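Worksheet for the structure shown next.
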Amino acid sequence: MPHIALPEGFPGISAGFTYRPETAKPMRELAHVLLHEPNSLTPGERELIATYVSSQNSCYFCQTSHGAAAACHLGDASIVEKVKADFQAAPVSPKLKALLAIAGKVRQDGKLVTAADVEAARCQGATDLEIHDTVLITAAFCMFNRYVDGLGTWQPRDPEMYKQMGRHLAEEGYTAPSIRQPVATT
């Protein structure tokens, strides 16, 4: 049950966005730039970073919706689960593993990132923009995760709803809501 009177039938971040659309707009725009617009990291890689951070923060809604978006981009949901369980053993590039290591540290405390971590990512081919965006995706998802969980939002366990959301996010991006009408809460 949400901690404040959020609109019923809107899961996760959708409830907060529906409650306060004036703050939803810039948050959606930030997510769109970070995860959807062209970048040297693929949308699937960026969604994996968001999913990993959300899973480490134990935010069910974000890890499941962004995991579904990553699976749409990658065409393989098993990669998402492997990254969440142990990214070092997952079938992703050494560059992405180095960036996920940075994301893991930023998620805990940005001051944990060392020059050696950045150099390790560069040695695997990461550019300064990719390192920057990894840090910003991580910081943004820490905020998004805490927004979702701090309000006590409704986080249904309906796999089909998350698949539909993931498909919308992968195909359309973040500027328009993926949940436009209340979802049945039973």
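Order determines the names: the first chain of the structure tokens is A, the second B, and so forth; residues in each chain are numbered 1 upward, and ligands are numbered 1 upward as they are shown.
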
Next item on the list: Pick out each residue of stretch 97-131 of chain A that DSSP on the backbone tags as helix (DSSP H, G or I); I need them as a VMD selection string.
Entry: chain A and resid 97 to 108 110 to 112 115 to 123 128 to 131

Note to self: Set the distance at 10 Å and use only C-alpha atoms: which residues neighbour A:Ala170 once local chain neighbours fewer than 6 positions away are removed? I'd like the list as a list of chain:residue names.
What the structure shows: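 Final neighbour list, sorted by chain and number: A:Leu35, A:His36, A:Pro43, A:Gly44, A:Glu47, A:His66, A:Ala68, A:Ala69, A:Ala70, A:Ala71, A:Cys72, A:His73, A:Gln164.
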
Check: Near A:Val53, within 10 Å and counting only C-alpha atoms, which residues show up once chain neighbours fewer than 4 positions away are dropped, as a PyMOL selection string?
Finding: chain A and resi 47-49+57-59+62-63+84+100+103-108+137-142+145

Give me a file of those residues, with C-alpha atoms, as a PDB file, in the first residue's frame.
ATOM      1  CA  GLU A  47      19.085  -1.089 -20.163  1.00  0.00           C
ATOM      2  CA  LEU A  48      21.300  -3.817 -18.654  1.00  0.00           C
ATOM      3  CA  ILE A  49      23.098  -1.167 -16.583  1.00  0.00           C
ATOM      4  CA  ASN A  57      18.865  -1.815  -5.079  1.00  0.00           C
ATOM      5  CA  SER A  58      16.151  -4.504  -4.790  1.00  0.00           C
ATOM      6  CA  CYS A  59      13.646  -2.397  -6.738  1.00  0.00           C
ATOM      7  CA  CYS A  62      12.494  -1.091 -12.113  1.00  0.00           C
ATOM      8  CA  GLN A  63      14.566  -4.248 -12.469  1.00  0.00           C
ATOM      9  CA  LYS A  84      21.565  -9.668 -12.366  1.00  0.00           C
ATOM     10  CA  LEU A 100      28.989  -2.634 -14.644  1.00  0.00           C
ATOM     11  CA  ALA A 103      27.994   1.066 -11.826  1.00  0.00           C
ATOM     12  CA  GLY A 104      28.152  -1.251  -8.830  1.00  0.00           C
ATOM     13  CA  LYS A 105      30.466   1.108  -7.022  1.00  0.00           C
ATOM     14  CA  VAL A 106      28.496   4.248  -7.912  1.00  0.00           C
ATOM     15  CA  ARG A 107      25.340   2.511  -6.671  1.00  0.00           C
ATOM     16  CA  GLN A 108      26.940   2.155  -3.239  1.00  0.00           C
ATOM     17  CA  ILE A 137      22.484   6.001 -15.565  1.00  0.00           C
ATOM     18  CA  THR A 138      23.486   4.541 -12.211  1.00  0.00           C
ATOM     19  CA  ALA A 139      22.863   7.776 -10.317  1.00  0.00           C
ATOM     20  CA  ALA A 140      19.527   8.309 -12.076  1.00  0.00           C
ATOM     21  CA  PHE A 141      18.381   4.770 -11.358  1.00  0.00           C
ATOM     22  CA  CYS A 142      19.317   5.074  -7.715  1.00  0.00           C
ATOM     23  CA  ASN A 145      14.504   3.165  -7.468  1.00  0.00           C
TER      24      ASN A 145
END

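Take atom CA of A:Ala31 and atom CA of A:Thr18: the distance between them is 16.4 Å.
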
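With distances taken over only C-alpha atoms, A:Leu74 is the one residue among A:Ala89, A:Leu74, A:Ile13, A:Leu99 lying closest to A:Thr42.
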
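Here the question is which of A:Ser65, A:Ser55, A:Gln181, A:Thr127 gets nearest to A:Leu169 using only C-alpha atoms, and that residue is A:Ser65.
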